[in-house]
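Please read the structure below before turning to the comments.
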Amino acid sequence: MATIGETKTESTNGEQVSRHQEVGHKSLLQSDALYQYILETSVYPREPEPMKELREVTAKHPWNIMTTSADEGQFLNILLKLVNAKNTMEIGVFTGYSLLATALALPDDGKILAMDINRENYEMGLPIIEKAGVAHKIEFKEGPALPVLDEMIADEKNHGTFDFIFVDADKDNYINYHKRLIDLVKVGGLIGYDNTLWNGSVVAPPDALLRKYVRYYRDFVLEFNKALSADPRIEICMLPVGDGITICRRVK
């Protein structure tokens with residue numbers, strides 16, 4: 001039985017071997033060839049040089065699976081331009097690939113409040129962000145995001161001020177983030193939640209062999225997806241981009 005997130009391939013001697021699909025990418029597509037076609041035809045030819053450089057640097061990180069996929073970075077970049085985003089937030093930064101995609105999409109006076117518990121990972125990508133000329137758009141805060149959000153909510157001047165918010169952090173707190181972010185994003189603004197298809201495990205059978213971290217967070221992701229579908233304050237669209245991203249548009 002293949003583990004969720006793995007695919008069976010035949011070696012030269014005809015034996016089946018397992019390999020993780022997300023080692024090289026985080027696509028949920030069943031065909032690696034099709035995903036490679038998307039990358040080579042749409043993503044890589046248009047990927048800004050700083051993003052390519054950061055992607056290659058991040059690939060050497062032992063936790064590289066945590067990075068945003070290249071096709072999702074492209075999606076975020078064009079989405080931000082479509083909605084003319086200017087004031088944004090990112091919870092969960094890692095080395096900053098999605099952060100750089102956002103910074104490049106914003107106007108010169110655009111702002112990103114970026115939060116992560118690990119400054120060291122952020123500083124790995126910071127020289128590339130600085131070289132790209134967009135570091136002035138970023139305010140980085142190290143530490144848990146929830147206390148910062150509570151402090152912001154306490155001041156009503158912050159309510160409804162964000163055009164776009166991207167969350168790629170601890171899945172067990174997604175619901176807690178949403179409870180707060182819905183007040184901070186403007187009506188008509190967007191919140192993007194990453195990993196909402198969680199390695200495809202959201203449809204895994206009871207006897208599926210799941211890696212420990214996938215199994216641990218799966219129930220949180222399932223609960224969160226159910227909560228979003230029932231929230232009348234938002235319109236939602238779940239997309240099979242990267243590891244699944246759900247876009248929420250606040251309507252009231």
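Here, A, B, ... name the chains of the structure tokens in the order displayed, residue numbers run from 1 inside each chain, and ligands are numbered from 1 in the same displayed order.
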Might you pull out every residue within 10 Å of segment 55-70 of chain A, with only C-alpha atoms counted and same-chain residues fewer than 4 positions away left off, and present them as a PDB file with N, CA, C and O atoms, in the first residue's frame?
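Resulting contents of part_11.pdb:
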ATOM      1  N   GLU A  22       6.187  14.782  -3.008  1.00  0.00           N
ATOM      2  CA  GLU A  22       6.494  16.149  -2.647  1.00  0.00           C
ATOM      3  C   GLU A  22       7.970  16.393  -2.373  1.00  0.00           C
ATOM      4  O   GLU A  22       8.347  17.484  -1.984  1.00  0.00           O
ATOM      5  N   VAL A  23       8.830  15.390  -2.579  1.00  0.00           N
ATOM      6  CA  VAL A  23      10.260  15.638  -2.411  1.00  0.00           C
ATOM      7  C   VAL A  23      10.713  16.703  -3.398  1.00  0.00           C
ATOM      8  O   VAL A  23      11.435  17.623  -3.064  1.00  0.00           O
ATOM      9  N   GLY A  24      10.283  16.584  -4.648  1.00  0.00           N
ATOM     10  CA  GLY A  24      10.659  17.566  -5.654  1.00  0.00           C
ATOM     11  C   GLY A  24       9.643  18.692  -5.785  1.00  0.00           C
ATOM     12  O   GLY A  24       9.966  19.780  -6.222  1.00  0.00           O
ATOM     13  N   HIS A  25       8.431  18.440  -5.429  1.00  0.00           N
ATOM     14  CA  HIS A  25       7.382  19.444  -5.513  1.00  0.00           C
ATOM     15  C   HIS A  25       6.246  19.057  -4.573  1.00  0.00           C
ATOM     16  O   HIS A  25       6.307  18.030  -3.905  1.00  0.00           O
ATOM     17  N   LYS A  26       5.233  19.884  -4.511  1.00  0.00           N
ATOM     18  CA  LYS A  26       4.131  19.624  -3.586  1.00  0.00           C
ATOM     19  C   LYS A  26       2.815  19.519  -4.334  1.00  0.00           C
ATOM     20  O   LYS A  26       1.757  19.838  -3.817  1.00  0.00           O
ATOM     21  N   SER A  27       2.883  19.069  -5.567  1.00  0.00           N
ATOM     22  CA  SER A  27       1.677  19.000  -6.376  1.00  0.00           C
ATOM     23  C   SER A  27       0.823  17.794  -6.000  1.00  0.00           C
ATOM     24  O   SER A  27       1.334  16.743  -5.643  1.00  0.00           O
ATOM     25  N   LEU A  39       5.185  23.474 -14.899  1.00  0.00           N
ATOM     26  CA  LEU A  39       6.356  24.221 -14.446  1.00  0.00           C
ATOM     27  C   LEU A  39       7.160  24.767 -15.624  1.00  0.00           C
ATOM     28  O   LEU A  39       7.504  25.953 -15.664  1.00  0.00           O
ATOM     29  N   VAL A  43       5.405  28.282 -15.389  1.00  0.00           N
ATOM     30  CA  VAL A  43       6.013  28.828 -14.168  1.00  0.00           C
ATOM     31  C   VAL A  43       7.458  29.273 -14.371  1.00  0.00           C
ATOM     32  O   VAL A  43       7.782  30.451 -14.217  1.00  0.00           O
ATOM     33  N   TYR A  44       8.330  28.356 -14.723  1.00  0.00           N
ATOM     34  CA  TYR A  44       9.752  28.678 -14.783  1.00  0.00           C
ATOM     35  C   TYR A  44      10.112  29.762 -15.798  1.00  0.00           C
ATOM     36  O   TYR A  44      10.953  30.624 -15.510  1.00  0.00           O
ATOM     37  N   GLU A  47       9.180  32.970 -13.963  1.00  0.00           N
ATOM     38  CA  GLU A  47       9.582  33.129 -12.562  1.00  0.00           C
ATOM     39  C   GLU A  47      10.657  34.220 -12.455  1.00  0.00           C
ATOM     40  O   GLU A  47      11.703  34.137 -13.100  1.00  0.00           O
ATOM     41  N   GLU A  49      13.835  36.243 -11.412  1.00  0.00           N
ATOM     42  CA  GLU A  49      15.143  35.705 -11.051  1.00  0.00           C
ATOM     43  C   GLU A  49      15.351  35.605  -9.538  1.00  0.00           C
ATOM     44  O   GLU A  49      15.902  34.598  -9.056  1.00  0.00           O
ATOM     45  N   PRO A  50      14.922  36.614  -8.734  1.00  0.00           N
ATOM     46  CA  PRO A  50      15.094  36.467  -7.282  1.00  0.00           C
ATOM     47  C   PRO A  50      14.318  35.285  -6.707  1.00  0.00           C
ATOM     48  O   PRO A  50      14.796  34.617  -5.784  1.00  0.00           O
ATOM     49  N   MET A  51      13.131  35.012  -7.239  1.00  0.00           N
ATOM     50  CA  MET A  51      12.355  33.876  -6.756  1.00  0.00           C
ATOM     51  C   MET A  51      13.021  32.559  -7.137  1.00  0.00           C
ATOM     52  O   MET A  51      13.034  31.605  -6.346  1.00  0.00           O
ATOM     53  N   GLN A  74       3.522  31.558  -8.142  1.00  0.00           N
ATOM     54  CA  GLN A  74       3.053  32.276  -9.323  1.00  0.00           C
ATOM     55  C   GLN A  74       1.586  32.671  -9.168  1.00  0.00           C
ATOM     56  O   GLN A  74       1.183  33.786  -9.515  1.00  0.00           O
ATOM     57  N   PHE A  75       0.789  31.754  -8.617  1.00  0.00           N
ATOM     58  CA  PHE A  75      -0.632  32.024  -8.408  1.00  0.00           C
ATOM     59  C   PHE A  75      -0.835  33.192  -7.438  1.00  0.00           C
ATOM     60  O   PHE A  75      -1.638  34.104  -7.689  1.00  0.00           O
ATOM     61  N   LEU A  76      -0.105  33.186  -6.331  1.00  0.00           N
ATOM     62  CA  LEU A  76      -0.235  34.264  -5.351  1.00  0.00           C
ATOM     63  C   LEU A  76       0.162  35.605  -5.963  1.00  0.00           C
ATOM     64  O   LEU A  76      -0.492  36.630  -5.731  1.00  0.00           O
ATOM     65  N   GLY A  92       3.528  32.552   8.883  1.00  0.00           N
ATOM     66  CA  GLY A  92       4.319  31.402   8.440  1.00  0.00           C
ATOM     67  C   GLY A  92       5.148  31.800   7.245  1.00  0.00           C
ATOM     68  O   GLY A  92       4.636  31.874   6.130  1.00  0.00           O
ATOM     69  N   VAL A  93       6.416  32.058   7.450  1.00  0.00           N
ATOM     70  CA  VAL A  93       7.265  32.639   6.406  1.00  0.00           C
ATOM     71  C   VAL A  93       8.288  31.647   5.860  1.00  0.00           C
ATOM     72  O   VAL A  93       8.567  31.629   4.665  1.00  0.00           O
ATOM     73  N   PHE A  94       8.863  30.826   6.731  1.00  0.00           N
ATOM     74  CA  PHE A  94       9.979  29.934   6.400  1.00  0.00           C
ATOM     75  C   PHE A  94      11.108  30.765   5.777  1.00  0.00           C
ATOM     76  O   PHE A  94      11.524  31.749   6.368  1.00  0.00           O
ATOM     77  N   THR A  95      11.601  30.427   4.588  1.00  0.00           N
ATOM     78  CA  THR A  95      12.694  31.195   3.999  1.00  0.00           C
ATOM     79  C   THR A  95      12.201  32.372   3.160  1.00  0.00           C
ATOM     80  O   THR A  95      13.004  33.164   2.669  1.00  0.00           O
ATOM     81  N   GLY A  96      10.892  32.454   2.964  1.00  0.00           N
ATOM     82  CA  GLY A  96      10.336  33.651   2.344  1.00  0.00           C
ATOM     83  C   GLY A  96       9.974  33.575   0.877  1.00  0.00           C
ATOM     84  O   GLY A  96       9.818  34.614   0.232  1.00  0.00           O
ATOM     85  N   TYR A  97       9.776  32.366   0.324  1.00  0.00           N
ATOM     86  CA  TYR A  97       9.434  32.286  -1.102  1.00  0.00           C
ATOM     87  C   TYR A  97       8.083  32.927  -1.399  1.00  0.00           C
ATOM     88  O   TYR A  97       7.962  33.757  -2.312  1.00  0.00           O
ATOM     89  N   SER A  98       7.050  32.565  -0.641  1.00  0.00           N
ATOM     90  CA  SER A  98       5.735  33.189  -0.853  1.00  0.00           C
ATOM     91  C   SER A  98       5.769  34.659  -0.462  1.00  0.00           C
ATOM     92  O   SER A  98       5.077  35.488  -1.058  1.00  0.00           O
ATOM     93  N   LEU A  99       6.580  34.990   0.527  1.00  0.00           N
ATOM     94  CA  LEU A  99       6.732  36.386   0.949  1.00  0.00           C
ATOM     95  C   LEU A  99       7.328  37.221  -0.175  1.00  0.00           C
ATOM     96  O   LEU A  99       6.874  38.341  -0.451  1.00  0.00           O
ATOM     97  N   ALA A 101       7.157  36.449  -3.382  1.00  0.00           N
ATOM     98  CA  ALA A 101       6.141  36.521  -4.425  1.00  0.00           C
ATOM     99  C   ALA A 101       5.165  37.651  -4.143  1.00  0.00           C
ATOM    100  O   ALA A 101       4.746  38.381  -5.056  1.00  0.00           O
ATOM    101  N   ASN A 121      15.412  31.005   9.690  1.00  0.00           N
ATOM    102  CA  ASN A 121      14.969  30.592   8.359  1.00  0.00           C
ATOM    103  C   ASN A 121      14.672  31.801   7.480  1.00  0.00           C
ATOM    104  O   ASN A 121      15.036  31.833   6.289  1.00  0.00           O
ATOM    105  N   MET A 124      17.703  33.405   6.100  1.00  0.00           N
ATOM    106  CA  MET A 124      18.331  32.653   5.017  1.00  0.00           C
ATOM    107  C   MET A 124      17.949  33.245   3.664  1.00  0.00           C
ATOM    108  O   MET A 124      18.765  33.307   2.737  1.00  0.00           O
ATOM    109  N   GLY A 125      16.706  33.672   3.534  1.00  0.00           N
ATOM    110  CA  GLY A 125      16.245  34.247   2.276  1.00  0.00           C
ATOM    111  C   GLY A 125      16.338  35.757   2.206  1.00  0.00           C
ATOM    112  O   GLY A 125      16.182  36.342   1.132  1.00  0.00           O
ATOM    113  N   ILE A 128      18.436  37.710  -0.478  1.00  0.00           N
ATOM    114  CA  ILE A 128      17.847  37.680  -1.817  1.00  0.00           C
ATOM    115  C   ILE A 128      16.695  38.675  -1.901  1.00  0.00           C
ATOM    116  O   ILE A 128      16.533  39.372  -2.913  1.00  0.00           O
ATOM    117  N   ASP A 168       0.254  30.023   6.224  1.00  0.00           N
ATOM    118  CA  ASP A 168       0.926  28.745   5.978  1.00  0.00           C
ATOM    119  C   ASP A 168       1.728  28.425   7.229  1.00  0.00           C
ATOM    120  O   ASP A 168       2.948  28.505   7.241  1.00  0.00           O
ATOM    121  N   ALA A 169       1.024  28.088   8.295  1.00  0.00           N
ATOM    122  CA  ALA A 169       1.654  27.914   9.599  1.00  0.00           C
ATOM    123  C   ALA A 169       1.106  26.667  10.279  1.00  0.00           C
ATOM    124  O   ALA A 169       0.740  25.696   9.603  1.00  0.00           O
ATOM    125  N   ASP A 194      -3.089  27.813   3.212  1.00  0.00           N
ATOM    126  CA  ASP A 194      -2.339  26.804   2.483  1.00  0.00           C
ATOM    127  C   ASP A 194      -2.513  25.424   3.111  1.00  0.00           C
ATOM    128  O   ASP A 194      -2.890  25.290   4.269  1.00  0.00           O
ATOM    129  N   ASN A 195      -2.232  24.392   2.312  1.00  0.00           N
ATOM    130  CA  ASN A 195      -2.230  22.987   2.757  1.00  0.00           C
ATOM    131  C   ASN A 195      -3.598  22.453   3.155  1.00  0.00           C
ATOM    132  O   ASN A 195      -3.702  21.554   3.988  1.00  0.00           O
ATOM    133  N   VAL A 241      -3.925  23.596  -6.048  1.00  0.00           N
ATOM    134  CA  VAL A 241      -2.634  24.181  -6.389  1.00  0.00           C
ATOM    135  C   VAL A 241      -1.684  23.888  -5.234  1.00  0.00           C
ATOM    136  O   VAL A 241      -2.057  24.058  -4.069  1.00  0.00           O
ATOM    137  N   GLY A 242      -0.462  23.462  -5.552  1.00  0.00           N
ATOM    138  CA  GLY A 242       0.451  23.092  -4.485  1.00  0.00           C
ATOM    139  C   GLY A 242      -0.145  21.954  -3.656  1.00  0.00           C
ATOM    140  O   GLY A 242      -0.561  20.931  -4.182  1.00  0.00           O
ATOM    141  N   ASP A 243      -0.230  22.163  -2.352  1.00  0.00           N
ATOM    142  CA  ASP A 243      -0.798  21.164  -1.445  1.00  0.00           C
ATOM    143  C   ASP A 243      -2.247  21.497  -1.107  1.00  0.00           C
ATOM    144  O   ASP A 243      -2.783  21.056  -0.100  1.00  0.00           O
TER     145      ASP A 243
END
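For Tyr216 of chain A, the residues within 12 Å (counting only C-alpha atoms, excluding itself and residues fewer than 5 positions away along the chain) are Asp170, Lys171, Asp172, Trp198, Ser201, Val202, Leu210, Arg211, Val221 and Leu222 of chain A.
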Could you go through segment 10-245 of chain A and tell me which residues DSSP, when run on the backbone, assigns to alpha helix (DSSP H), listing them as an NGL selection string? :A and (32-38 or 49-58 or 70-82 or 97-105 or 119-131 or 145-154 or 174-184 or 212-229)
Atom CA of Ala135 of chain A to atom CA of Val83 of chain A: how many Å, to one decimal? 21.5 Å
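Coordinates place atom CA of Asn199 of chain A at a distance of 10.2 Å from atom CA of Arg215 of chain A.
Note that the spacing between atom CA of Met89 of chain A and atom CA of Ile191 of chain A amounts to 9.3 Å.
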Please list as a VMD selection string every residue within 12 Å of Ala85 of chain A, counting only C-alpha atoms and excluding residues in the same chain fewer than 2 positions away. chain A and resid 76 to 83 87 to 89 102 to 112 161 to 165 185 to 186 188 to 191
Output of the above residues as a CSV table (one decimal), in the first residue's frame, restricted to N, CA, C and O atoms:
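Listed below is the output, part06.csv:
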chain,number,residue,atom,x,y,z
A,76,LEU,N,-0.1,33.2,-6.3
A,76,LEU,CA,-0.2,34.3,-5.4
A,76,LEU,C,0.2,35.6,-6.0
A,76,LEU,O,-0.5,36.6,-5.7
A,77,ASN,N,1.2,35.6,-6.7
A,77,ASN,CA,1.7,36.8,-7.3
A,77,ASN,C,0.7,37.5,-8.2
A,77,ASN,O,0.4,38.7,-8.2
A,78,ILE,N,0.0,36.7,-9.1
A,78,ILE,CA,-0.9,37.3,-10.0
A,78,ILE,C,-2.2,37.6,-9.3
A,78,ILE,O,-2.9,38.6,-9.6
A,79,LEU,N,-2.6,36.8,-8.3
A,79,LEU,CA,-3.8,37.1,-7.5
A,79,LEU,C,-3.7,38.4,-6.8
A,79,LEU,O,-4.7,39.2,-6.8
A,80,LEU,N,-2.6,38.7,-6.2
A,80,LEU,CA,-2.4,40.0,-5.5
A,80,LEU,C,-2.5,41.2,-6.5
A,80,LEU,O,-3.0,42.2,-6.2
A,81,LYS,N,-2.0,41.0,-7.7
A,81,LYS,CA,-2.1,42.0,-8.7
A,81,LYS,C,-3.5,42.2,-9.2
A,81,LYS,O,-4.0,43.4,-9.4
A,82,LEU,N,-4.3,41.1,-9.3
A,82,LEU,CA,-5.7,41.2,-9.7
A,82,LEU,C,-6.5,42.0,-8.7
A,82,LEU,O,-7.5,42.7,-9.1
A,83,VAL,N,-6.2,41.8,-7.4
A,83,VAL,CA,-7.1,42.5,-6.4
A,83,VAL,C,-6.5,43.8,-6.0
A,83,VAL,O,-7.0,44.5,-5.1
A,87,ASN,N,-2.0,46.4,1.4
A,87,ASN,CA,-1.7,46.1,2.8
A,87,ASN,C,-2.0,44.6,3.1
A,87,ASN,O,-3.1,44.2,3.0
A,88,THR,N,-0.9,43.9,3.4
A,88,THR,CA,-1.0,42.4,3.4
A,88,THR,C,-0.4,41.9,4.7
A,88,THR,O,0.4,42.6,5.4
A,89,MET,N,-0.7,40.6,5.0
A,89,MET,CA,-0.1,39.9,6.1
A,89,MET,C,0.3,38.5,5.7
A,89,MET,O,-0.4,37.9,4.9
A,102,THR,N,4.8,37.8,-2.9
A,102,THR,CA,3.9,38.9,-2.5
A,102,THR,C,4.6,40.2,-2.6
A,102,THR,O,4.0,41.2,-3.2
A,103,ALA,N,5.8,40.4,-2.1
A,103,ALA,CA,6.5,41.6,-2.1
A,103,ALA,C,6.7,42.2,-3.6
A,103,ALA,O,6.6,43.4,-3.8
A,104,LEU,N,7.0,41.2,-4.5
A,104,LEU,CA,7.2,41.6,-5.9
A,104,LEU,C,5.9,42.1,-6.5
A,104,LEU,O,5.9,42.9,-7.5
A,105,ALA,N,4.7,41.6,-6.0
A,105,ALA,CA,3.5,41.9,-6.6
A,105,ALA,C,2.9,43.3,-6.1
A,105,ALA,O,2.1,43.9,-6.8
A,106,LEU,N,3.3,43.7,-4.9
A,106,LEU,CA,2.8,44.9,-4.3
A,106,LEU,C,3.4,46.1,-4.9
A,106,LEU,O,4.5,46.1,-5.4
A,107,PRO,N,2.7,47.3,-4.9
A,107,PRO,CA,3.3,48.5,-5.3
A,107,PRO,C,4.4,48.9,-4.4
A,107,PRO,O,4.6,48.3,-3.3
A,108,ASP,N,5.2,49.9,-4.8
A,108,ASP,CA,6.4,50.3,-4.0
A,108,ASP,C,6.1,50.7,-2.6
A,108,ASP,O,6.9,50.5,-1.7
A,109,ASP,N,4.9,51.2,-2.3
A,109,ASP,CA,4.5,51.6,-1.0
A,109,ASP,C,3.6,50.5,-0.3
A,109,ASP,O,3.0,50.8,0.7
A,110,GLY,N,3.6,49.3,-0.9
A,110,GLY,CA,2.8,48.2,-0.3
A,110,GLY,C,3.5,47.7,1.0
A,110,GLY,O,4.7,47.9,1.2
A,111,LYS,N,2.8,47.1,1.9
A,111,LYS,CA,3.3,46.6,3.2
A,111,LYS,C,2.9,45.1,3.4
A,111,LYS,O,1.8,44.7,3.0
A,112,ILE,N,3.8,44.4,4.0
A,112,ILE,CA,3.5,43.0,4.5
A,112,ILE,C,3.9,42.9,5.9
A,112,ILE,O,5.1,43.1,6.3
A,161,THR,N,-8.6,46.4,7.7
A,161,THR,CA,-7.5,47.2,7.0
A,161,THR,C,-6.7,46.4,6.0
A,161,THR,O,-5.9,46.9,5.3
A,162,PHE,N,-6.8,45.0,6.1
A,162,PHE,CA,-5.9,44.2,5.2
A,162,PHE,C,-6.6,43.8,4.0
A,162,PHE,O,-7.7,43.3,4.0
A,163,ASP,N,-5.9,43.9,2.9
A,163,ASP,CA,-6.4,43.5,1.5
A,163,ASP,C,-6.3,42.0,1.3
A,163,ASP,O,-7.1,41.4,0.7
A,164,PHE,N,-5.2,41.5,1.8
A,164,PHE,CA,-4.9,40.1,1.6
A,164,PHE,C,-4.1,39.5,2.8
A,164,PHE,O,-3.2,40.2,3.3
A,165,ILE,N,-4.4,38.3,3.2
A,165,ILE,CA,-3.7,37.6,4.2
A,165,ILE,C,-3.4,36.2,3.8
A,165,ILE,O,-4.3,35.5,3.3
A,185,VAL,N,-9.3,41.5,8.0
A,185,VAL,CA,-9.3,41.7,6.5
A,185,VAL,C,-10.6,42.5,6.2
A,185,VAL,O,-11.6,42.5,6.9
A,186,LYS,N,-10.4,43.3,5.1
A,186,LYS,CA,-11.5,44.2,4.8
A,186,LYS,C,-12.6,43.4,4.1
A,186,LYS,O,-12.4,42.3,3.6
A,188,GLY,N,-14.5,42.3,1.1
A,188,GLY,CA,-14.0,42.2,-0.2
A,188,GLY,C,-12.6,41.7,-0.3
A,188,GLY,O,-12.1,41.4,-1.4
A,189,GLY,N,-11.9,41.7,0.9
A,189,GLY,CA,-10.5,41.3,0.9
A,189,GLY,C,-10.4,39.7,1.0
A,189,GLY,O,-11.4,39.0,1.2
A,190,LEU,N,-9.2,39.2,0.8
A,190,LEU,CA,-9.0,37.8,0.7
A,190,LEU,C,-8.1,37.3,1.8
A,190,LEU,O,-7.2,37.9,2.2
A,191,ILE,N,-8.4,36.0,2.2
A,191,ILE,CA,-7.5,35.3,3.1
A,191,ILE,C,-7.2,34.0,2.3
A,191,ILE,O,-8.1,33.3,1.9
